[in-house]
Amino acid sequence: MILTPHEILKYLGFEVPKDGVEINPNDAYLISSSLRLIGQTMSVTAIPEPSLEDIHAGLAGLVAAWSNEDLVPLNENSVLKLRTTIDVVLTSYFKK
């Protein structure tokens, strides 16, 4: 599966038309600087636990299908491991 830049932005919460957006040249610095700062401040640690619970539940089905074992219940330790897993996956794909 290949994710296009447009799809990546959509998953990050940015609804950008496929043709891009036209900006006023006078706003170019402000917009590009703002996007850079947003990109630098996105953090796996900022993902709220209820959202991690959704990911955990989705992974539970995969684990059960492959190993016939139940996924470890979500606790403080498994939340840390899940955050680390997400960080490693994103870093390996997107070289943040």
# chains A, B, ... in the order shown; residues from 1 in each chain; ligands from 1
$ select_by_dssp --residues "chain A" --states "alpha helix (DSSP H)" --output "PyMOL selection string"
chain A and resi 5-11+28-41+49-67+76-94
$ residues_around --residues "region 85-88 of chain A" --least-positions-apart "3" --cutoff "10 Å" --atoms "only C-alpha atoms" --output "list in words"
Ser43, Val44, Thr45, Leu52, Ile55, Val79, Leu80, Lys81, Leu82, Thr91, Ser92, Tyr93, Phe94, Lys95 and Lys96 of chain A
